[in-house]
>>> print(open('protein-v9.cif').read())   # mmCIF, C-alpha atoms
data_protein
#
loop_
_atom_site.label_atom_id
_atom_site.label_comp_id
_atom_site.auth_asym_id
_atom_site.auth_seq_id
_atom_site.Cartn_x
_atom_site.Cartn_y
_atom_site.Cartn_z
CA MET A 1 4.37 -41.83 -8.90
CA THR A 2 1.05 -41.43 -10.76
CA ARG A 3 0.32 -38.22 -8.87
CA ARG A 4 3.75 -36.87 -9.71
CA LEU A 5 3.27 -37.64 -13.39
CA ALA A 6 -0.10 -35.90 -13.40
CA GLU A 7 1.14 -32.77 -11.63
CA VAL A 8 4.20 -32.39 -13.84
CA ALA A 9 2.17 -33.05 -17.00
CA LYS A 10 -0.35 -30.39 -16.00
CA LYS A 11 2.41 -27.90 -15.15
CA VAL A 12 4.14 -28.31 -18.52
CA GLY A 13 1.02 -28.91 -20.64
CA VAL A 14 2.04 -32.29 -22.01
CA SER A 15 0.81 -35.85 -21.58
CA GLU A 16 1.75 -38.08 -18.67
CA ALA A 17 3.32 -40.45 -21.21
CA THR A 18 5.68 -37.67 -22.32
CA VAL A 19 6.65 -36.95 -18.72
CA SER A 20 7.30 -40.65 -18.20
CA ARG A 21 9.60 -40.77 -21.23
CA VAL A 22 11.62 -37.86 -19.86
CA LEU A 23 11.88 -39.38 -16.37
CA ASN A 24 13.04 -42.67 -17.86
CA ASN A 25 15.49 -40.91 -20.18
CA LYS A 26 13.81 -42.34 -23.29
CA PRO A 27 14.17 -40.81 -26.79
CA GLY A 28 11.35 -39.23 -28.80
CA VAL A 29 11.01 -36.02 -26.75
CA SER A 30 12.23 -32.61 -27.92
CA GLU A 31 14.98 -30.94 -25.92
CA ALA A 32 12.71 -27.98 -25.08
CA THR A 33 10.00 -30.28 -23.68
CA ARG A 34 12.58 -32.32 -21.83
CA GLN A 35 14.01 -29.24 -20.14
CA ALA A 36 10.52 -27.94 -19.32
CA VAL A 37 9.68 -31.24 -17.59
CA LEU A 38 12.91 -31.17 -15.58
CA SER A 39 12.26 -27.55 -14.58
CA ALA A 40 8.73 -28.48 -13.48
CA LEU A 41 10.17 -31.23 -11.27
CA ASP A 42 12.42 -28.68 -9.59
CA VAL A 43 9.62 -26.15 -9.10
CA LEU A 44 7.17 -28.71 -7.72
CA GLY A 45 9.75 -30.01 -5.28
CA TYR A 46 10.21 -33.50 -6.74
CA GLU A 47 13.63 -35.10 -6.89
CA ARG A 48 15.02 -35.80 -10.32
CA PRO A 49 15.59 -39.45 -11.26
CA THR A 50 19.05 -40.64 -10.27
CA GLN A 51 20.33 -40.75 -13.86
CA LEU A 52 19.35 -37.08 -14.36
CA ARG A 53 20.68 -35.59 -11.13
CA GLY A 54 24.06 -34.82 -12.56
CA GLU A 55 22.62 -32.12 -14.82
CA ARG A 56 22.47 -28.59 -13.60
CA ALA A 57 18.91 -27.51 -12.82
CA ARG A 58 17.41 -25.12 -15.36
CA LEU A 59 16.79 -22.60 -12.60
CA VAL A 60 17.70 -18.92 -12.80
CA GLY A 61 17.87 -16.66 -9.77
CA LEU A 62 16.10 -13.32 -10.13
CA VAL A 63 17.32 -11.15 -7.24
CA LEU A 64 15.40 -7.96 -6.45
CA PRO A 65 15.83 -5.47 -3.59
CA GLU A 66 12.08 -5.09 -2.94
CA LEU A 67 8.61 -5.39 -4.44
CA GLN A 68 7.04 -2.20 -3.04
CA ASN A 69 8.48 -0.10 -5.84
CA PRO A 70 6.33 -1.14 -8.85
CA ILE A 71 9.33 -1.05 -11.21
CA PHE A 72 10.72 -4.27 -9.75
CA PRO A 73 7.60 -6.43 -10.20
CA ALA A 74 7.47 -5.05 -13.75
CA PHE A 75 11.04 -6.20 -14.41
CA ALA A 76 10.26 -9.56 -12.77
CA GLU A 77 7.28 -10.10 -15.06
CA VAL A 78 9.24 -9.39 -18.25
CA ILE A 79 12.34 -11.33 -17.23
CA GLY A 80 10.36 -14.24 -15.82
CA GLY A 81 8.30 -14.55 -19.00
CA ALA A 82 11.37 -14.44 -21.24
CA LEU A 83 13.10 -17.10 -19.14
CA ALA A 84 10.06 -19.39 -19.29
CA GLN A 85 10.01 -19.19 -23.08
CA LEU A 86 13.54 -20.61 -23.03
CA GLY A 87 12.61 -23.47 -20.71
CA LEU A 88 14.31 -21.74 -17.77
CA THR A 89 12.54 -21.35 -14.43
CA PRO A 90 12.98 -18.08 -12.49
CA VAL A 91 13.50 -18.28 -8.74
CA LEU A 92 12.40 -14.95 -7.25
CA CYS A 93 14.64 -13.72 -4.42
CA THR A 94 13.39 -10.55 -2.73
CA GLN A 95 15.29 -8.93 0.09
CA THR A 96 13.45 -7.79 3.19
CA LYS A 97 14.66 -5.55 5.99
CA GLY A 98 16.15 -7.74 8.68
CA GLY A 99 15.55 -10.82 6.53
CA VAL A 100 17.53 -12.77 3.97
CA SER A 101 20.35 -10.73 2.47
CA GLU A 102 21.50 -10.65 -1.13
CA ALA A 103 24.62 -12.65 -0.15
CA ASP A 104 22.43 -15.24 1.61
CA TYR A 105 20.33 -15.63 -1.54
CA VAL A 106 23.47 -16.18 -3.60
CA THR A 107 24.51 -18.99 -1.25
CA LEU A 108 21.05 -20.60 -1.54
CA LEU A 109 21.07 -20.29 -5.33
CA LEU A 110 24.49 -21.92 -5.56
CA GLN A 111 23.21 -24.79 -3.45
CA GLN A 112 20.38 -25.24 -5.98
CA GLN A 113 22.94 -25.37 -8.82
CA VAL A 114 21.27 -22.53 -10.69
CA SER A 115 22.11 -22.00 -14.34
CA GLY A 116 22.52 -18.25 -13.86
CA VAL A 117 21.46 -15.15 -11.93
CA VAL A 118 19.89 -11.83 -12.95
CA PHE A 119 20.23 -8.97 -10.47
CA ALA A 120 18.02 -5.88 -10.71
CA GLY A 121 18.64 -2.96 -8.36
CA GLY A 122 21.10 -4.79 -6.11
CA LEU A 123 24.15 -3.94 -4.05
CA TYR A 124 26.25 -3.91 -7.22
CA ALA A 125 24.94 -0.37 -7.79
CA GLN A 126 26.33 0.86 -4.45
CA ALA A 127 30.06 1.51 -4.37
CA ASP A 128 30.38 1.17 -0.59
CA ALA A 129 28.32 -2.03 -0.26
CA PRO A 130 29.84 -5.52 0.18
CA HIS A 131 30.47 -7.28 -3.14
CA ASP A 132 32.12 -10.57 -2.13
CA HIS A 133 29.08 -12.61 -3.19
CA TYR A 134 29.44 -11.34 -6.76
CA ARG A 135 33.04 -12.48 -6.82
CA LEU A 136 31.88 -15.86 -5.55
CA LEU A 137 29.59 -16.19 -8.57
CA ALA A 138 32.41 -15.17 -10.88
CA ASP A 139 34.76 -17.71 -9.31
CA ARG A 140 32.17 -20.44 -9.92
CA ASN A 141 31.71 -19.29 -13.54
CA ILE A 142 27.98 -18.76 -12.97
CA PRO A 143 26.41 -16.64 -15.75
CA VAL A 144 25.29 -13.27 -14.37
CA VAL A 145 23.59 -10.18 -15.83
CA LEU A 146 23.12 -6.89 -13.99
CA VAL A 147 20.18 -4.57 -14.68
CA ASN A 148 21.00 -0.85 -14.38
CA ALA A 149 24.32 0.74 -13.62
CA ALA A 150 26.90 -1.17 -11.62
CA ILE A 151 30.19 -0.22 -10.02
CA GLU A 152 33.24 -0.75 -12.19
CA HIS A 153 35.35 -3.90 -12.35
CA LEU A 154 32.72 -6.47 -11.37
CA GLY A 155 33.19 -8.02 -14.79
CA PHE A 156 29.57 -8.90 -15.61
CA PRO A 157 27.52 -7.82 -18.65
CA GLY A 158 24.66 -5.45 -17.95
CA VAL A 159 21.70 -3.60 -19.40
CA SER A 160 20.92 -0.08 -18.26
CA CYS A 161 18.66 2.82 -18.97
CA ASP A 162 20.75 5.83 -20.01
CA ASP A 163 20.71 8.02 -16.89
CA ALA A 164 22.34 10.95 -18.65
CA VAL A 165 19.68 11.07 -21.37
CA ALA A 166 16.93 10.70 -18.76
CA VAL A 167 18.14 13.74 -16.82
CA GLU A 168 18.66 15.73 -20.00
CA GLN A 169 15.05 15.05 -21.07
CA ALA A 170 13.66 16.00 -17.66
CA TRP A 171 15.85 19.10 -17.31
CA ARG A 172 15.03 20.47 -20.76
CA HIS A 173 11.33 19.89 -20.10
CA LEU A 174 11.38 21.87 -16.85
CA ALA A 175 13.55 24.59 -18.36
CA SER A 176 11.15 24.93 -21.30
CA LEU A 177 8.41 25.61 -18.76
CA GLY A 178 10.42 28.49 -17.31
CA HIS A 179 11.83 26.78 -14.23
CA GLU A 180 15.18 28.28 -13.27
CA ARG A 181 15.52 26.78 -9.80
CA ILE A 182 15.67 23.06 -10.63
CA GLY A 183 16.63 20.57 -7.94
CA LEU A 184 17.42 16.86 -7.81
CA VAL A 185 16.21 14.22 -5.37
CA LEU A 186 18.63 11.30 -5.68
CA GLY A 187 19.54 8.07 -3.97
CA PRO A 188 22.50 7.60 -1.56
CA GLY A 189 25.88 9.09 -2.40
CA ASP A 190 27.43 5.76 -3.42
CA HIS A 191 24.51 4.84 -5.72
CA VAL A 192 25.94 4.66 -9.25
CA PRO A 193 22.77 5.54 -11.25
CA SER A 194 22.22 8.57 -9.00
CA ALA A 195 25.84 9.63 -9.50
CA ARG A 196 25.35 9.43 -13.26
CA LYS A 197 22.19 11.51 -13.03
CA LEU A 198 23.98 14.15 -10.95
CA ALA A 199 26.90 14.33 -13.38
CA ALA A 200 24.50 14.77 -16.30
CA ALA A 201 22.58 17.49 -14.48
CA ARG A 202 25.76 19.40 -13.69
CA ALA A 203 26.82 19.16 -17.34
CA ILE A 204 23.55 20.46 -18.73
CA ALA A 205 23.22 23.15 -16.06
CA GLY A 206 26.61 24.57 -16.97
CA GLY A 207 27.54 25.37 -13.38
CA GLU A 208 24.04 26.57 -12.49
CA LEU A 209 23.25 23.69 -10.14
CA PRO A 210 24.18 24.66 -6.56
CA ASP A 211 24.96 21.88 -4.09
CA GLU A 212 22.03 23.02 -1.95
CA PHE A 213 19.68 22.11 -4.82
CA VAL A 214 20.69 18.43 -4.57
CA ALA A 215 19.19 16.23 -1.85
CA ARG A 216 19.66 12.51 -1.19
CA ALA A 217 17.25 10.01 0.26
CA MET A 218 16.42 6.34 0.54
CA PHE A 219 14.23 5.15 -2.33
CA SER A 220 10.78 5.58 -0.76
CA ILE A 221 7.90 8.03 -0.64
CA GLU A 222 8.96 9.03 2.87
CA GLY A 223 12.53 9.64 1.72
CA GLY A 224 11.33 11.76 -1.18
CA HIS A 225 9.07 13.76 1.13
CA ALA A 226 11.89 14.61 3.55
CA ALA A 227 14.40 15.48 0.82
CA ALA A 228 11.99 17.56 -1.26
CA ALA A 229 10.80 19.51 1.78
CA LYS A 230 14.36 20.81 2.27
CA LEU A 231 14.67 21.81 -1.37
CA ILE A 232 11.32 23.61 -1.35
CA ASP A 233 12.56 25.68 1.59
CA ARG A 234 15.62 26.57 -0.53
CA GLY A 235 13.43 27.90 -3.35
CA VAL A 236 13.39 24.97 -5.79
CA THR A 237 10.30 24.98 -8.06
CA GLY A 238 11.17 22.13 -10.44
CA PHE A 239 12.08 18.65 -9.20
CA ILE A 240 13.88 15.82 -11.00
CA CYS A 241 13.59 12.64 -8.93
CA ALA A 242 15.54 9.39 -9.27
CA SER A 243 12.43 7.20 -8.93
CA ASP A 244 8.66 7.48 -9.05
CA PRO A 245 8.22 6.87 -5.29
CA LEU A 246 10.67 9.72 -4.61
CA ALA A 247 8.61 11.91 -6.95
CA LEU A 248 5.38 11.02 -5.15
CA GLY A 249 7.11 11.99 -1.93
CA ALA A 250 8.02 15.35 -3.47
CA VAL A 251 4.37 15.91 -4.44
CA ARG A 252 3.33 15.14 -0.88
CA ALA A 253 5.98 17.50 0.53
CA ALA A 254 4.67 20.36 -1.61
CA ARG A 255 1.09 19.77 -0.54
CA ARG A 256 2.03 19.56 3.14
CA LYS A 257 3.52 23.03 2.72
CA GLY A 258 0.31 24.30 1.13
CA LEU A 259 1.77 24.50 -2.36
CA GLY A 260 -0.01 23.41 -5.54
CA VAL A 261 1.33 20.77 -7.93
CA PRO A 262 1.85 21.75 -10.73
CA SER A 263 0.72 25.39 -10.26
CA GLN A 264 3.63 26.19 -7.90
CA ILE A 265 5.82 23.10 -7.86
CA SER A 266 6.58 20.82 -10.83
CA VAL A 267 7.77 17.25 -10.32
CA VAL A 268 9.34 14.74 -12.74
CA GLY A 269 9.76 11.10 -11.70
CA TYR A 270 11.79 8.26 -13.14
CA ASP A 271 10.68 4.75 -14.27
CA ASP A 272 7.04 5.28 -15.34
CA SER A 273 6.07 2.41 -13.09
CA ALA A 274 2.54 1.07 -12.72
CA LEU A 275 -0.29 3.47 -11.86
CA MET A 276 1.71 6.69 -12.29
CA ASN A 277 -0.97 7.81 -14.74
CA CYS A 278 -3.56 7.32 -11.99
CA THR A 279 -1.99 9.54 -9.32
CA GLU A 280 -3.30 13.03 -8.58
CA PRO A 281 -1.98 14.75 -10.52
CA PRO A 282 -0.82 12.09 -13.01
CA LEU A 283 2.97 11.97 -12.77
CA THR A 284 5.27 13.33 -15.46
CA THR A 285 8.12 10.83 -15.52
CA VAL A 286 10.94 9.37 -17.61
CA ARG A 287 10.03 5.89 -18.78
CA GLN A 288 12.51 3.04 -18.66
CA PRO A 289 12.06 0.63 -21.61
CA ILE A 290 11.44 -2.32 -19.29
CA GLU A 291 10.34 -4.73 -22.00
CA SER A 292 13.44 -4.22 -24.13
CA MET A 293 15.81 -4.18 -21.17
CA GLY A 294 14.36 -7.32 -19.60
CA LYS A 295 14.49 -9.32 -22.82
CA ALA A 296 18.04 -8.17 -23.52
CA ALA A 297 19.11 -9.26 -20.04
CA VAL A 298 17.68 -12.74 -20.65
CA GLU A 299 19.36 -12.96 -24.06
CA LEU A 300 22.72 -12.11 -22.51
CA LEU A 301 22.20 -14.68 -19.76
CA ASN A 302 21.06 -17.41 -22.12
CA ALA A 303 24.07 -16.85 -24.36
CA GLN A 304 26.36 -17.39 -21.37
CA ILE A 305 24.43 -20.49 -20.28
CA GLY A 306 24.88 -21.85 -23.80
CA GLY A 307 28.64 -21.42 -23.52
CA SER A 308 29.03 -18.30 -25.66
CA ALA A 309 31.53 -15.66 -24.64
CA VAL A 310 29.75 -12.43 -23.67
CA ALA A 311 31.70 -9.20 -23.20
CA ALA A 312 31.39 -7.53 -19.83
CA ASP A 313 29.88 -4.46 -21.46
CA GLU A 314 26.89 -2.33 -20.54
CA LEU A 315 24.08 -1.99 -23.07
CA LEU A 316 22.45 1.44 -22.75
CA PHE A 317 18.76 1.84 -23.58
CA GLU A 318 17.07 5.12 -24.47
CA PRO A 319 14.45 6.43 -22.01
CA GLU A 320 11.33 8.37 -22.96
CA LEU A 321 9.88 11.44 -21.26
CA VAL A 322 6.16 10.98 -20.55
CA VAL A 323 4.52 14.35 -19.89
CA ARG A 324 1.46 14.30 -17.66
CA GLY A 325 -0.08 16.61 -15.09
CA SER A 326 2.64 17.12 -12.46
CA THR A 327 4.56 19.70 -14.48
CA ALA A 328 3.47 23.14 -15.69
CA GLN A 329 4.74 26.67 -16.30
CA ALA A 330 6.92 27.99 -13.50
CA PRO A 331 5.15 30.36 -11.12
CA ARG A 332 5.79 34.05 -11.80
CA PRO A 333 7.69 35.99 -9.12
#
>>> encode(input="protein-v9.cif", output="structure tokens")
Amino acid sequence: MTRRLAEVAKKVGVSEATVSRVLNNKPGVSEATRQAVLSALDVLGYERPTQLRGERARLVGLVLPELQNPIFPAFAEVIGGALAQLGLTPVLCTQTKGGVSEADYVTLLLQQQVSGVVFAGGLYAQADAPHDHYRLLADRNIPVVLVNAAIEHLGFPGVSCDDAVAVEQAWRHLASLGHERIGLVLGPGDHVPSARKLAAARAIAGGELPDEFVARAMFSIEGGHAAAAKLIDRGVTGFICASDPLALGAVRAARRKGLGVPSQISVVGYDDSALMNCTEPPLTTVRQPIESMGKAAVELLNAQIGGSAVAADELLFEPELVVRGSTAQAPRP
């Protein structure tokens, strides 16, 4: 018991006497401190006292598709920090190939009686993926927030970066540099953010975007390499990519073909994830406002946890073009 008191006190940053008062359900402790102590018990693996077990744990699931793409650890850092400030404890759930699925994580989170779930980059963004586990959360009235575009009719609030504005910024930048053969490297065909980017590109191109200038790939450097290599063979000189790893793959594809970046091929990424200013050349990319989006997601979730009605709307955040060294004037014929 003494060891448990000491560990929980150290975790929360309070005295052992304060922890003892919470465990014995005594007055004289603020609600924020009380919730922080209970969250620390959950995180450290200690059972709550019998009289406190009826309360839902102050745990929040944070479900991510991967950690290799730096954008997802960035979202996790912002969202996790904002949750902690509210006395909520994030439970990181990262999918791995052949490992625990998103649906499996939902089942585990429900068993832990989580207060809510934030999804970033999940199956909700793929129209052809299974979505039964989202309906399960809705049926249980579990607060949920989705980060970046989802399929219609799921009924959850969300925060997204405006894909249309992102493509418009990238396209106008490449066009201003004289690029006339602009191509897109996007995610799978059922990926909603990619579909939005394609629709925006077609609108701004005014019918000047041939189907052969659009390639799809899995979100990885390897996928970007394979897709961009095809577009280079079709004469594309300016690339708009749906993620930074895809853009790095496009840079690699150009170099493997003996072409210079940006002297012959210009590449624009998407996200402005960590270290993109350290690549060679530094990557021109469209920055997602991660800080604002992450905090907004937590605010929406916390409002639901507190019992407030939240509309199932999508909040759109403005991206920002960050011009670096991977774009330049189009090569002359």
>>> residues_around(input="protein-v9.cif", residues="Pro70 in chain A", least_positions_apart="6", cutoff="9 Å", atoms="only C-alpha atoms", output="number ranges by chain")
A: 244-245, 273-275
>>> resolve_selection(input="protein-v9.cif", expression="the PyMOL selection byres ((chain A and resi 252) around 10)", output="list in words")
Ile221, Glu222, Gly224, His225, Ala226, Ala228, Ala229, Leu246, Ala247, Leu248, Gly249, Ala250, Val251, Ala253, Ala254, Arg255, Arg256, Lys257, Gly258, Leu259 and Val261 of chain A
>>> write_last_selection(input="protein-v9.cif", atoms="C-alpha atoms", output="PDB file, keeping the file's coordinate frame")
ATOM      1  CA  ILE A 221       7.900   8.030  -0.640  1.00  0.00           C
ATOM      2  CA  GLU A 222       8.960   9.030   2.870  1.00  0.00           C
ATOM      3  CA  GLY A 224      11.330  11.760  -1.180  1.00  0.00           C
ATOM      4  CA  HIS A 225       9.070  13.760   1.130  1.00  0.00           C
ATOM      5  CA  ALA A 226      11.890  14.610   3.550  1.00  0.00           C
ATOM      6  CA  ALA A 228      11.990  17.560  -1.260  1.00  0.00           C
ATOM      7  CA  ALA A 229      10.800  19.510   1.780  1.00  0.00           C
ATOM      8  CA  LEU A 246      10.670   9.720  -4.610  1.00  0.00           C
ATOM      9  CA  ALA A 247       8.610  11.910  -6.950  1.00  0.00           C
ATOM     10  CA  LEU A 248       5.380  11.020  -5.150  1.00  0.00           C
ATOM     11  CA  GLY A 249       7.110  11.990  -1.930  1.00  0.00           C
ATOM     12  CA  ALA A 250       8.020  15.350  -3.470  1.00  0.00           C
ATOM     13  CA  VAL A 251       4.370  15.910  -4.440  1.00  0.00           C
ATOM     14  CA  ALA A 253       5.980  17.500   0.530  1.00  0.00           C
ATOM     15  CA  ALA A 254       4.670  20.360  -1.610  1.00  0.00           C
ATOM     16  CA  ARG A 255       1.090  19.770  -0.540  1.00  0.00           C
ATOM     17  CA  ARG A 256       2.030  19.560   3.140  1.00  0.00           C
ATOM     18  CA  LYS A 257       3.520  23.030   2.720  1.00  0.00           C
ATOM     19  CA  GLY A 258       0.310  24.300   1.130  1.00  0.00           C
ATOM     20  CA  LEU A 259       1.770  24.500  -2.360  1.00  0.00           C
ATOM     21  CA  VAL A 261       1.330  20.770  -7.930  1.00  0.00           C
TER      22      VAL A 261
END
>>> resolve_selection(input="protein-v9.cif", expression="the PyMOL selection byres ((chain A and resi 12-14) around 12)", output="MDAnalysis selection string")
chainID A and resid 5:11 15:22 29:30 32:41 43:44 84:85 87 89
>>> atom_distance(input="protein-v9.cif", atom1="CA of Asp162 in chain A", atom2="CA of Ser220 in chain A")
21.7 Å
>>> residues_around(input="protein-v9.cif", residues="range 133-146 of chain A", least_positions_apart="3", cutoff="6 Å", atoms="only C-alpha atoms", output="number ranges by chain")
A: 103, 116-119, 157-158, 304
>>> resolve_selection(input="protein-v9.cif", expression="the PyMOL selection byres ((chain A and resi 286) around 7)", output="VMD selection string")
chain A and resid 166 269 to 272 285 287 to 288 319 to 322
>>> residues_around(input="protein-v9.cif", residues="Phe72 in chain A", least_positions_apart="4", cutoff="10 Å", atoms="all atoms listed in the file", output="list in words")
Val63, Leu64, Pro65, Glu66, Leu67, Gln68, Ala76, Glu77, Thr94, Ala120, Gly121, Ser273 and Ile290 of chain A
>>> closest_residue(input="protein-v9.cif", among="A:Val267, A:Val165, A:Ala125, A:Val114", to="Asn148 in chain A", atoms="only C-alpha atoms")
A:Ala125
>>> residues_around(input="protein-v9.cif", residues="Glu299 in chain A", least_positions_apart="2", cutoff="10 Å", atoms="all atoms listed in the file", output="PyMOL selection string")
chain A and resi 79+82-83+86+145+293-297+301-305
>>> residues_around(input="protein-v9.cif", residues="Arg202 in chain A", least_positions_apart="3", cutoff="12 Å", atoms="all atoms listed in the file", output="list in words")
Ala164, Val167, Glu168, Trp171, Ile182, Gly183, Leu184, Ala195, Arg196, Lys197, Leu198, Ala199, Ala205, Gly206, Gly207, Glu208, Leu209, Pro210, Asp211, Phe213 and Val214 of chain A
>>> atom_distance(input="protein-v9.cif", atom1="CA of His191 in chain A", atom2="CA of Gln126 in chain A")
4.6 Å
>>> atom_distance(input="protein-v9.cif", atom1="CA of Ser160 in chain A", atom2="CA of Pro281 in chain A")
28.4 Å
>>> closest_residue(input="protein-v9.cif", among="A:Asn25, A:Phe156, A:Glu280, A:Leu108", to="Gly61 in chain A", atoms="only C-alpha atoms")
A:Leu108
>>> closest_residue(input="protein-v9.cif", among="A:Asp233, A:Ala203, A:Val147, A:Ile240", to="Leu186 in chain A", atoms="only C-alpha atoms")
A:Ile240
>>> closest_residue(input="protein-v9.cif", among="A:Pro262, A:Pro90, A:Gly306, A:Gly325", to="Cys278 in chain A", atoms="only C-alpha atoms")
A:Gly325
>>> closest_residue(input="protein-v9.cif", among="A:Gly28, A:Gln111, A:Phe75, A:Pro289", to="Leu59 in chain A", atoms="all atoms listed in the file")
A:Gln111
>>> decode(input="protein-v9.cif", residues="range 253-269 of chain A", atoms="N, CA, C and O atoms", output="PDB file, in the first residue's frame")
ATOM      1  N   ALA A 253      12.270   8.812 -56.962  1.00  0.00           N
ATOM      2  CA  ALA A 253      11.979   8.320 -58.308  1.00  0.00           C
ATOM      3  C   ALA A 253      12.674   9.176 -59.358  1.00  0.00           C
ATOM      4  O   ALA A 253      13.245   8.657 -60.335  1.00  0.00           O
ATOM      5  N   ALA A 254      12.634  10.497 -59.162  1.00  0.00           N
ATOM      6  CA  ALA A 254      13.290  11.391 -60.121  1.00  0.00           C
ATOM      7  C   ALA A 254      14.794  11.129 -60.168  1.00  0.00           C
ATOM      8  O   ALA A 254      15.387  11.033 -61.254  1.00  0.00           O
ATOM      9  N   ARG A 255      15.390  10.992 -59.010  1.00  0.00           N
ATOM     10  CA  ARG A 255      16.839  10.792 -58.959  1.00  0.00           C
ATOM     11  C   ARG A 255      17.248   9.451 -59.557  1.00  0.00           C
ATOM     12  O   ARG A 255      18.290   9.336 -60.202  1.00  0.00           O
ATOM     13  N   ARG A 256      16.422   8.424 -59.327  1.00  0.00           N
ATOM     14  CA  ARG A 256      16.725   7.110 -59.909  1.00  0.00           C
ATOM     15  C   ARG A 256      16.694   7.163 -61.436  1.00  0.00           C
ATOM     16  O   ARG A 256      17.311   6.337 -62.106  1.00  0.00           O
ATOM     17  N   LYS A 257      15.956   8.122 -61.973  1.00  0.00           N
ATOM     18  CA  LYS A 257      15.880   8.283 -63.422  1.00  0.00           C
ATOM     19  C   LYS A 257      16.910   9.295 -63.930  1.00  0.00           C
ATOM     20  O   LYS A 257      16.892   9.695 -65.100  1.00  0.00           O
ATOM     21  N   GLY A 258      17.788   9.754 -63.033  1.00  0.00           N
ATOM     22  CA  GLY A 258      18.832  10.680 -63.417  1.00  0.00           C
ATOM     23  C   GLY A 258      18.366  12.112 -63.585  1.00  0.00           C
ATOM     24  O   GLY A 258      19.046  12.916 -64.242  1.00  0.00           O
ATOM     25  N   LEU A 259      17.233  12.445 -62.972  1.00  0.00           N
ATOM     26  CA  LEU A 259      16.686  13.793 -63.099  1.00  0.00           C
ATOM     27  C   LEU A 259      16.946  14.593 -61.828  1.00  0.00           C
ATOM     28  O   LEU A 259      16.894  14.061 -60.719  1.00  0.00           O
ATOM     29  N   GLY A 260      17.191  15.892 -61.979  1.00  0.00           N
ATOM     30  CA  GLY A 260      17.470  16.748 -60.839  1.00  0.00           C
ATOM     31  C   GLY A 260      16.205  17.276 -60.197  1.00  0.00           C
ATOM     32  O   GLY A 260      15.212  17.549 -60.871  1.00  0.00           O
ATOM     33  N   VAL A 261      16.236  17.383 -58.867  1.00  0.00           N
ATOM     34  CA  VAL A 261      15.148  18.006 -58.102  1.00  0.00           C
ATOM     35  C   VAL A 261      15.756  19.180 -57.349  1.00  0.00           C
ATOM     36  O   VAL A 261      16.681  18.995 -56.564  1.00  0.00           O
ATOM     37  N   PRO A 262      15.382  20.423 -57.664  1.00  0.00           N
ATOM     38  CA  PRO A 262      14.211  20.847 -58.450  1.00  0.00           C
ATOM     39  C   PRO A 262      14.514  21.299 -59.878  1.00  0.00           C
ATOM     40  O   PRO A 262      13.631  21.862 -60.516  1.00  0.00           O
ATOM     41  N   SER A 263      15.733  21.090 -60.391  1.00  0.00           N
ATOM     42  CA  SER A 263      16.087  21.656 -61.695  1.00  0.00           C
ATOM     43  C   SER A 263      15.234  21.099 -62.831  1.00  0.00           C
ATOM     44  O   SER A 263      14.948  21.812 -63.799  1.00  0.00           O
ATOM     45  N   GLN A 264      14.826  19.813 -62.703  1.00  0.00           N
ATOM     46  CA  GLN A 264      13.999  19.204 -63.755  1.00  0.00           C
ATOM     47  C   GLN A 264      12.624  18.753 -63.255  1.00  0.00           C
ATOM     48  O   GLN A 264      11.657  18.765 -64.005  1.00  0.00           O
ATOM     49  N   ILE A 265      12.564  18.361 -62.020  1.00  0.00           N
ATOM     50  CA  ILE A 265      11.314  17.897 -61.411  1.00  0.00           C
ATOM     51  C   ILE A 265      11.076  18.674 -60.125  1.00  0.00           C
ATOM     52  O   ILE A 265      11.977  18.789 -59.283  1.00  0.00           O
ATOM     53  N   SER A 266       9.864  19.220 -59.956  1.00  0.00           N
ATOM     54  CA  SER A 266       9.489  19.907 -58.717  1.00  0.00           C
ATOM     55  C   SER A 266       8.478  19.060 -57.959  1.00  0.00           C
ATOM     56  O   SER A 266       7.588  18.452 -58.557  1.00  0.00           O
ATOM     57  N   VAL A 267       8.621  19.044 -56.628  1.00  0.00           N
ATOM     58  CA  VAL A 267       7.781  18.179 -55.793  1.00  0.00           C
ATOM     59  C   VAL A 267       7.226  18.975 -54.613  1.00  0.00           C
ATOM     60  O   VAL A 267       7.974  19.663 -53.917  1.00  0.00           O
ATOM     61  N   VAL A 268       5.908  18.855 -54.388  1.00  0.00           N
ATOM     62  CA  VAL A 268       5.251  19.465 -53.233  1.00  0.00           C
ATOM     63  C   VAL A 268       4.646  18.348 -52.386  1.00  0.00           C
ATOM     64  O   VAL A 268       3.904  17.501 -52.900  1.00  0.00           O
ATOM     65  N   GLY A 269       4.950  18.338 -51.094  1.00  0.00           N
ATOM     66  CA  GLY A 269       4.388  17.347 -50.184  1.00  0.00           C
ATOM     67  C   GLY A 269       3.146  17.875 -49.480  1.00  0.00           C
ATOM     68  O   GLY A 269       2.587  18.906 -49.850  1.00  0.00           O
TER      69      GLY A 269
END
